[in-house]
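Student: The structure follows.
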Amino acid sequence: MKLLEVKNLRTYFTISQGTVKAVDDVSFDLDHGEALGIVGESGCGKTTSALSIAKLLPKEGKIVGGEILLEGKDLAKLSDEEIQKHRWNDVSICFQGAMNALNPVMKIGEQIAEAIVLHHKSSEKDAMKKAAELLELVEIPGERINNYPHEFSGGMKQRVMIAMALACDPKIIIGDEPTTALDVMVQAQILNLLERLRTEFDMGFILITHDLSILAETCDKIAVMYAGRIVEKGSSEDIFQRTGHPYTKKLIKCFPDIKGNKRMMEGIPGAPPNMLEIPPGCPFHPRCEYAEEVCRRSMPDAIERDRGHFVACHRWEVMRSER
Ligand code: SF4
């Protein structure tokens with residue numbers, strides 16, 4: 001049984017102007033010790049997918065279809081009260097800029113211990129001991145439990161947030177742009193740390209980002225999202241070496257090669273669609289250099305082109321033949 005299986009997930013937002021299909025028929029899975037990257041531009045549905053798994057959606061958002069199976073148990077069907085048992089204990093989320101959420105007037109150790117007491121019902125003494133161990137785990141000396149947040153750098157504060165996410169020994173950690181606010185060197189250190197922890201504890205890891213280049217080294221597999229749907233998914237090698245979707249191709253060219261190979265960086269022309277007025281046919285067609293008449297008429301299905309490599313594009317063969 002897979003650690004996590006998300007099947008045909010639909011999460012919609014009802015706002016005064018209409019219904020936003022933020023996540024529309026999205027499926028992916030994750031095994032113990034595996035890392036999945038979810039990538040796409042702002043508003044593509046990647047964060048909503050993560051919030052759906054932890055059922056942390058804002059009040060306008062609702063899961064209207066599909067399943068979120070955690071070791072076979074459907075989290076989508078649980079009440080708010082029931083999901084509390086799984087949040088932190090099974091699934092932890094580390095948000096972008098979460099380090100700024102640390103309480104400035106409370107010692108770091110007390111903040112980590114608070115999460116442990118709350119979710120593990122430990123005594124305060126045991127929780128402080130575990131807080132020091134968790135700090136060591138994220139490569140911060142345990143004696144710094146008595147320091148305040150202002151005594152830590154941005155990278156160290158993000159490590160503290162990772163220690164908090166680990167407080168209840170979750171099976172899955174979701175990092176939503178966990179390194180975006182950090183400089184490149186610190187970003188690499190945090191990603192290496194997450195990689196080490198994932199391997200050491202055989203956890204599933206979902207990394208959400210707009211920067212496809214950081215997923216190449218970090219993730220076993222990648223799902224590329226556009227306008228609420230997955231347009232391509234496969235192993236990291238499929239995505240980078242056998243790219244099948246024009247949007248993925250553009251995303252690859254948006255960021256410098258992580259290995260330092262020289263390549264021309266390009267932006268993606270146009271802007272992501274207004275989610276209240278998604279274009280008919282393939283939603284990417286107004287921005288796609290490969291678009292033909294069929295693309296304006298019909299939405300392409302995600303079809304398995306190679307084992308485990310899915311592409312939703314009418315013209316994937318043309319794309320592939322160009323490599
Ligand atoms: Fe481009 Fe057509 Fe493929 Fe959409 S279906 S990505 S418009 S070629």
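So you can find residues: chains in the structure tokens are A, B, ... in the order shown, residues in each start at 1, and ligands are numbered from 1 in order.
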When DSSP is applied to the backbone of this structure, which of segment 17-114 of chain A are assigned strand (DSSP E)? Write them out as a ChimeraX atom specification.
Tutor: /A:18-30,35-39,61-70,73-74,91-94
Student: Convert the current residue selection to file output with C-alpha atoms, as a PDB file, in the first residue's frame.
Tutor:
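again10.pdb written:
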```
ATOM      1  CA  GLY A  18     -18.003  32.604  -9.004  1.00  0.00           C
ATOM      2  CA  THR A  19     -16.308  29.229  -8.512  1.00  0.00           C
ATOM      3  CA  VAL A  20     -12.548  28.814  -8.754  1.00  0.00           C
ATOM      4  CA  LYS A  21     -11.524  25.260  -9.631  1.00  0.00           C
ATOM      5  CA  ALA A  22      -8.187  25.610  -7.851  1.00  0.00           C
ATOM      6  CA  VAL A  23      -7.451  21.868  -7.978  1.00  0.00           C
ATOM      7  CA  ASP A  24      -9.276  19.981 -10.688  1.00  0.00           C
ATOM      8  CA  ASP A  25      -8.915  16.214 -11.041  1.00  0.00           C
ATOM      9  CA  VAL A  26      -5.422  15.917  -9.611  1.00  0.00           C
ATOM     10  CA  SER A  27      -3.830  12.538  -8.854  1.00  0.00           C
ATOM     11  CA  PHE A  28      -0.403  11.623  -7.468  1.00  0.00           C
ATOM     12  CA  ASP A  29       1.126   9.246  -4.970  1.00  0.00           C
ATOM     13  CA  LEU A  30       4.018   9.010  -2.576  1.00  0.00           C
ATOM     14  CA  ALA A  35      10.280  12.864  -2.484  1.00  0.00           C
ATOM     15  CA  LEU A  36       7.713  14.380  -4.819  1.00  0.00           C
ATOM     16  CA  GLY A  37       8.056  17.891  -6.213  1.00  0.00           C
ATOM     17  CA  ILE A  38       4.986  19.864  -7.234  1.00  0.00           C
ATOM     18  CA  VAL A  39       5.852  22.815  -9.439  1.00  0.00           C
ATOM     19  CA  GLY A  61     -12.356  26.304  -0.107  1.00  0.00           C
ATOM     20  CA  LYS A  62     -13.901  22.853  -0.161  1.00  0.00           C
ATOM     21  CA  ILE A  63     -12.845  19.406  -1.323  1.00  0.00           C
ATOM     22  CA  VAL A  64     -15.684  18.557  -3.703  1.00  0.00           C
ATOM     23  CA  GLY A  65     -14.389  15.280  -5.097  1.00  0.00           C
ATOM     24  CA  GLY A  66     -11.696  12.638  -5.011  1.00  0.00           C
ATOM     25  CA  GLU A  67      -9.783  10.808  -2.327  1.00  0.00           C
ATOM     26  CA  ILE A  68      -6.726  11.502  -0.168  1.00  0.00           C
ATOM     27  CA  LEU A  69      -5.669   8.079   1.035  1.00  0.00           C
ATOM     28  CA  LEU A  70      -3.094   8.040   3.830  1.00  0.00           C
ATOM     29  CA  LYS A  73      -7.538   5.903   5.079  1.00  0.00           C
ATOM     30  CA  ASP A  74      -9.401   8.661   3.237  1.00  0.00           C
ATOM     31  CA  VAL A  91       1.291  15.084   8.009  1.00  0.00           C
ATOM     32  CA  SER A  92       3.280  18.232   8.829  1.00  0.00           C
ATOM     33  CA  ILE A  93       3.520  21.352   6.705  1.00  0.00           C
ATOM     34  CA  CYS A  94       6.414  23.794   6.654  1.00  0.00           C
TER      35      CYS A  94
END
```
Student: Set the cut-off to 12 Å, count only C-alpha atoms and all ligand atoms, and list whatever residues fall near ligand 1 as a PyMOL selection string.
Tutor: chain A and resi 225-227+230-232+243-250+279-303+311-320
Student: For a quick check of understanding, using only C-alpha atoms, which of A:Arg242, A:Ala163, A:Ile190, A:Glu200 has the smallest distance to Glu322 of chain A?
Tutor: A:Arg242
Student: Residues near Leu3 of chain A, anyone? I mean within 7 Å using only C-alpha atoms, not counting same-chain ones fewer than 2 positions away, as an mmCIF file with N, CA, C and O atoms, in the first residue's frame.
Tutor:
```
data_model
loop_
_atom_site.group_PDB
_atom_site.id
_atom_site.type_symbol
_atom_site.label_atom_id
_atom_site.label_comp_id
_atom_site.auth_asym_id
_atom_site.auth_seq_id
_atom_site.Cartn_x
_atom_site.Cartn_y
_atom_site.Cartn_z
ATOM 1 N N MET A 1 0.841 -1.202 0.000
ATOM 2 C CA MET A 1 0.000 0.000 0.000
ATOM 3 C C MET A 1 0.883 1.263 0.000
ATOM 4 O O MET A 1 1.878 1.326 0.711
ATOM 5 N N GLU A 5 -1.968 8.332 -1.428
ATOM 6 C CA GLU A 5 -2.508 8.319 -2.786
ATOM 7 C C GLU A 5 -3.573 9.406 -2.896
ATOM 8 O O GLU A 5 -4.577 9.362 -2.180
ATOM 9 N N LEU A 30 2.739 8.840 -3.270
ATOM 10 C CA LEU A 30 4.018 9.010 -2.576
ATOM 11 C C LEU A 30 4.266 7.775 -1.718
ATOM 12 O O LEU A 30 3.356 7.286 -1.058
ATOM 13 N N ASP A 31 5.525 7.301 -1.734
ATOM 14 C CA ASP A 31 5.896 6.163 -0.905
ATOM 15 C C ASP A 31 6.754 6.621 0.276
ATOM 16 O O ASP A 31 7.272 7.729 0.267
ATOM 17 N N HIS A 32 6.946 5.721 1.217
ATOM 18 C CA HIS A 32 7.875 6.001 2.324
ATOM 19 C C HIS A 32 9.253 6.306 1.737
ATOM 20 O O HIS A 32 9.709 5.617 0.811
ATOM 21 N N LEU A 70 -4.319 8.149 3.055
ATOM 22 C CA LEU A 70 -3.094 8.040 3.830
ATOM 23 C C LEU A 70 -3.064 6.613 4.373
ATOM 24 O O LEU A 70 -3.897 6.247 5.206
ATOM 25 N N GLU A 71 -2.164 5.811 3.875
ATOM 26 C CA GLU A 71 -2.110 4.369 4.182
ATOM 27 C C GLU A 71 -3.505 3.763 4.101
ATOM 28 O O GLU A 71 -3.951 3.029 4.971
#
```
Student: Just the residues within 7 Å of segment 204-214 of chain A, please, counting only C-alpha atoms, with nothing from its chain fewer than 4 positions along; format it as an NGL selection string.
Tutor: :A and (30-41 or 46 or 171-177 or 198 or 218 or 251-252 or 255 or 257-258)
Student: Could those residues be written to a file, using N, CA and C atoms, as a CSV table (one decimal), in the first residue's frame?
Tutor:
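Once written, result-v3.csv looks like this:
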```csv
chain,number,residue,atom,x,y,z
A,30,LEU,N,2.7,8.8,-3.3
A,30,LEU,CA,4.0,9.0,-2.6
A,30,LEU,C,4.3,7.8,-1.7
A,31,ASP,N,5.5,7.3,-1.7
A,31,ASP,CA,5.9,6.2,-0.9
A,31,ASP,C,6.8,6.6,0.3
A,32,HIS,N,6.9,5.7,1.2
A,32,HIS,CA,7.9,6.0,2.3
A,32,HIS,C,9.3,6.3,1.7
A,33,GLY,N,9.9,7.3,2.3
A,33,GLY,CA,11.3,7.7,1.8
A,33,GLY,C,11.3,8.3,0.5
A,34,GLU,N,10.2,8.6,-0.1
A,34,GLU,CA,10.2,9.2,-1.5
A,34,GLU,C,10.0,10.7,-1.4
A,35,ALA,N,10.5,11.4,-2.4
A,35,ALA,CA,10.3,12.9,-2.5
A,35,ALA,C,9.6,13.2,-3.8
A,36,LEU,N,8.5,13.9,-3.7
A,36,LEU,CA,7.7,14.4,-4.8
A,36,LEU,C,7.8,15.9,-4.9
A,37,GLY,N,8.1,16.4,-6.0
A,37,GLY,CA,8.1,17.9,-6.2
A,37,GLY,C,6.8,18.3,-7.0
A,38,ILE,N,6.1,19.3,-6.5
A,38,ILE,CA,5.0,19.9,-7.2
A,38,ILE,C,5.4,21.3,-7.6
A,39,VAL,N,5.3,21.6,-8.9
A,39,VAL,CA,5.9,22.8,-9.4
A,39,VAL,C,4.9,23.5,-10.4
A,40,GLY,N,4.9,24.8,-10.4
A,40,GLY,CA,4.1,25.6,-11.3
A,40,GLY,C,4.1,27.0,-10.8
A,41,GLU,N,3.5,27.9,-11.7
A,41,GLU,CA,3.5,29.3,-11.3
A,41,GLU,C,2.5,29.6,-10.2
A,46,LYS,N,-0.9,24.4,-6.6
A,46,LYS,CA,0.1,23.5,-5.9
A,46,LYS,C,-0.1,23.7,-4.4
A,171,LYS,N,4.7,11.1,9.2
A,171,LYS,CA,5.0,10.2,8.1
A,171,LYS,C,5.3,11.0,6.8
A,172,ILE,N,4.7,12.2,6.8
A,172,ILE,CA,4.9,13.0,5.6
A,172,ILE,C,5.2,14.4,6.0
A,173,ILE,N,6.2,15.0,5.4
A,173,ILE,CA,6.4,16.5,5.6
A,173,ILE,C,6.2,17.2,4.2
A,174,ILE,N,5.4,18.2,4.3
A,174,ILE,CA,5.1,19.0,3.1
A,174,ILE,C,5.9,20.3,3.2
A,175,GLY,N,6.8,20.7,2.3
A,175,GLY,CA,7.5,21.9,2.4
A,175,GLY,C,6.9,22.8,1.3
A,176,ASP,N,6.2,23.9,1.7
A,176,ASP,CA,5.6,24.8,0.7
A,176,ASP,C,6.6,26.0,0.5
A,177,GLU,N,7.4,26.0,-0.5
A,177,GLU,CA,8.4,27.0,-0.8
A,177,GLU,C,9.2,27.2,0.5
A,198,ARG,N,14.7,12.9,5.5
A,198,ARG,CA,13.8,12.0,4.7
A,198,ARG,C,14.3,10.6,4.7
A,218,THR,N,16.6,17.2,-5.8
A,218,THR,CA,15.9,16.9,-4.5
A,218,THR,C,14.9,15.8,-4.6
A,251,LEU,N,9.3,26.1,-18.2
A,251,LEU,CA,9.7,26.2,-16.8
A,251,LEU,C,11.2,25.8,-16.6
A,252,ILE,N,11.6,24.8,-17.4
A,252,ILE,CA,13.0,24.4,-17.3
A,252,ILE,C,13.9,25.6,-17.7
A,255,PHE,N,14.9,29.0,-15.1
A,255,PHE,CA,15.8,29.1,-14.0
A,255,PHE,C,17.2,28.6,-14.4
A,257,ASP,N,20.5,26.4,-14.7
A,257,ASP,CA,20.8,25.0,-14.5
A,257,ASP,C,21.4,24.9,-13.1
A,258,ILE,N,20.9,23.9,-12.3
A,258,ILE,CA,21.4,23.8,-10.9
A,258,ILE,C,22.9,23.2,-11.0
```
Student: Would you please work out which residue, of A:Ala216, A:Asp238, A:Asp169, A:Asp80, is nearest to Glu304 of chain A when using only C-alpha atoms?
Tutor: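 Counting only C-alpha atoms, the residue closest to Glu304 of chain A is A:Asp238.
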Student: Write out as a list in words the residues lying within 10 Å of Lys129 of chain A, counting only C-alpha atoms and excluding same-chain residues fewer than 2 positions away.
Tutor: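 Counting only the stated atoms, we get Gly109, Ala113, Glu124, Lys125, Asp126, Ala127, Ala131, Ala132, Glu133, Leu134, Gly142 and Ile145 of chain A.
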Student: Can you list, as a PyMOL selection string, every protein, DNA or RNA residue that comes within 12 Å of Met156 of chain A when you count only C-alpha atoms, leaving out same-chain residues fewer than 2 positions away?
Tutor: chain A and resi 98-100+102+108+135-136+138-141+144+147-154+158-163+179+182+186-187+189-190+193
Student: Mind writing the picked residues with N, CA and C atoms as a compact mmCIF listing (two decimals), in the first residue's frame?
Tutor:
```
# COMPACT_ATOMS: atom_id res chain seq x y z
N ALA A 98 7.60 30.65 7.10
CA ALA A 98 7.05 30.20 8.39
C ALA A 98 7.94 30.68 9.53
N MET A 99 9.24 30.87 9.19
CA MET A 99 10.17 31.30 10.24
C MET A 99 9.74 32.62 10.86
N ASN A 100 9.00 33.43 10.07
CA ASN A 100 8.53 34.71 10.62
C ASN A 100 7.36 34.51 11.57
N LEU A 102 7.51 32.57 14.13
CA LEU A 102 7.99 32.27 15.48
C LEU A 102 7.64 33.43 16.41
N ILE A 108 13.11 29.60 21.84
CA ILE A 108 12.94 28.61 20.77
C ILE A 108 12.50 27.25 21.33
N LEU A 135 16.57 20.02 17.85
CA LEU A 135 17.49 21.07 17.39
C LEU A 135 18.78 20.44 16.88
N GLU A 136 19.29 19.46 17.62
CA GLU A 136 20.53 18.77 17.19
C GLU A 136 20.30 18.12 15.83
N VAL A 138 18.45 19.07 13.44
CA VAL A 138 18.50 20.04 12.35
C VAL A 138 19.80 20.86 12.40
N GLU A 139 20.80 20.28 13.09
CA GLU A 139 22.16 20.82 13.12
C GLU A 139 22.27 22.18 13.81
N ILE A 140 21.49 22.33 14.89
CA ILE A 140 21.63 23.50 15.77
C ILE A 140 21.98 22.94 17.16
N PRO A 141 23.04 23.45 17.81
CA PRO A 141 23.39 22.91 19.13
C PRO A 141 22.20 22.95 20.10
N ARG A 144 21.03 25.72 22.54
CA ARG A 144 20.42 26.98 22.08
C ARG A 144 18.90 27.01 22.27
N ASN A 147 17.62 30.29 23.56
CA ASN A 147 17.74 31.53 22.77
C ASN A 147 16.38 31.97 22.23
N TYR A 148 16.32 33.26 21.93
CA TYR A 148 15.10 33.83 21.32
C TYR A 148 15.26 33.89 19.80
N PRO A 149 14.15 33.95 19.05
CA PRO A 149 14.25 33.95 17.59
C PRO A 149 15.20 35.00 17.01
N HIS A 150 15.27 36.21 17.63
CA HIS A 150 16.12 37.24 17.03
C HIS A 150 17.60 36.88 17.10
N GLU A 151 17.94 35.86 17.90
CA GLU A 151 19.35 35.45 18.01
C GLU A 151 19.73 34.44 16.91
N PHE A 152 18.78 34.13 16.01
CA PHE A 152 19.02 33.16 14.93
C PHE A 152 18.97 33.86 13.58
N SER A 153 19.75 33.34 12.62
CA SER A 153 19.69 33.84 11.24
C SER A 153 18.42 33.28 10.58
N GLY A 154 18.11 33.80 9.37
CA GLY A 154 16.92 33.32 8.64
C GLY A 154 16.98 31.81 8.39
N GLN A 158 14.52 28.82 9.85
CA GLN A 158 13.82 27.83 9.03
C GLN A 158 14.13 26.42 9.52
N ARG A 159 15.36 26.19 10.00
CA ARG A 159 15.70 24.89 10.59
C ARG A 159 14.84 24.63 11.83
N VAL A 160 14.63 25.69 12.62
CA VAL A 160 13.77 25.54 13.81
C VAL A 160 12.36 25.12 13.39
N MET A 161 11.88 25.73 12.30
CA MET A 161 10.54 25.37 11.82
C MET A 161 10.50 23.91 11.36
N ILE A 162 11.62 23.45 10.77
CA ILE A 162 11.67 22.04 10.35
C ILE A 162 11.68 21.14 11.60
N ALA A 163 12.42 21.58 12.64
CA ALA A 163 12.42 20.81 13.90
C ALA A 163 11.00 20.71 14.45
N THR A 179 12.27 27.31 1.14
CA THR A 179 13.57 27.96 1.06
C THR A 179 13.53 29.26 0.25
N LEU A 182 15.32 32.48 1.33
CA LEU A 182 16.72 32.33 1.77
C LEU A 182 17.69 32.47 0.59
N VAL A 186 22.21 29.01 1.60
CA VAL A 186 21.40 28.53 2.74
C VAL A 186 20.29 27.62 2.21
N GLN A 187 19.73 28.00 1.07
CA GLN A 187 18.70 27.19 0.42
C GLN A 187 19.21 25.76 0.20
N GLN A 189 21.64 24.26 1.76
CA GLN A 189 21.85 23.57 3.05
C GLN A 189 20.53 23.03 3.60
N ILE A 190 19.47 23.83 3.49
CA ILE A 190 18.16 23.39 4.01
C ILE A 190 17.65 22.20 3.21
N LEU A 193 19.49 19.18 4.21
CA LEU A 193 19.02 18.74 5.53
C LEU A 193 17.72 17.93 5.38
```
Student: Work out how far atom CA of Ile53 of chain A is from atom CA of Pro178 of chain A, in Å to one decimal.
Tutor: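 Interatomic distance here is 17.2 Å.
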Student: Go ahead and compute the interatomic distance for atom CA of Met128 of chain A and atom CA of Cys168 of chain A, in Å to one decimal.
Tutor: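 Computed distance, atom CA of Met128 of chain A to atom CA of Cys168 of chain A, equals 13.4 Å.
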Student: As an exercise, work out the distance from atom CA of Cys44 of chain A to atom CA of Val184 of chain A in Å and give it to one decimal place.
Tutor: 24.3 Å
Student: So which residues of segment 78-110 of chain A fall under helix (DSSP H, G or I) by DSSP, listed as a PDB file with C-alpha atoms, in the first residue's frame?
Tutor:
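Writing the result to states01.pdb gives the following:
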```
ATOM      1  CA  ASP A  80     -12.292  18.707  11.266  1.00  0.00           C
ATOM      2  CA  GLU A  81     -12.035  17.078  14.664  1.00  0.00           C
ATOM      3  CA  GLU A  82     -10.858  13.732  13.274  1.00  0.00           C
ATOM      4  CA  ILE A  83      -8.251  15.331  11.010  1.00  0.00           C
ATOM      5  CA  GLN A  84      -6.592  16.972  14.055  1.00  0.00           C
ATOM      6  CA  LYS A  85      -5.226  13.535  15.019  1.00  0.00           C
ATOM      7  CA  HIS A  86      -3.459  13.240  11.671  1.00  0.00           C
ATOM      8  CA  ALA A  98       7.054  30.202   8.390  1.00  0.00           C
ATOM      9  CA  MET A  99      10.174  31.296  10.238  1.00  0.00           C
ATOM     10  CA  ASN A 100       8.532  34.706  10.618  1.00  0.00           C
ATOM     11  CA  ALA A 101       5.707  33.001  12.512  1.00  0.00           C
ATOM     12  CA  ILE A 108      12.939  28.613  20.774  1.00  0.00           C
ATOM     13  CA  GLY A 109      12.932  25.499  22.977  1.00  0.00           C
ATOM     14  CA  GLU A 110       9.629  26.487  24.595  1.00  0.00           C
TER      15      GLU A 110
END
```
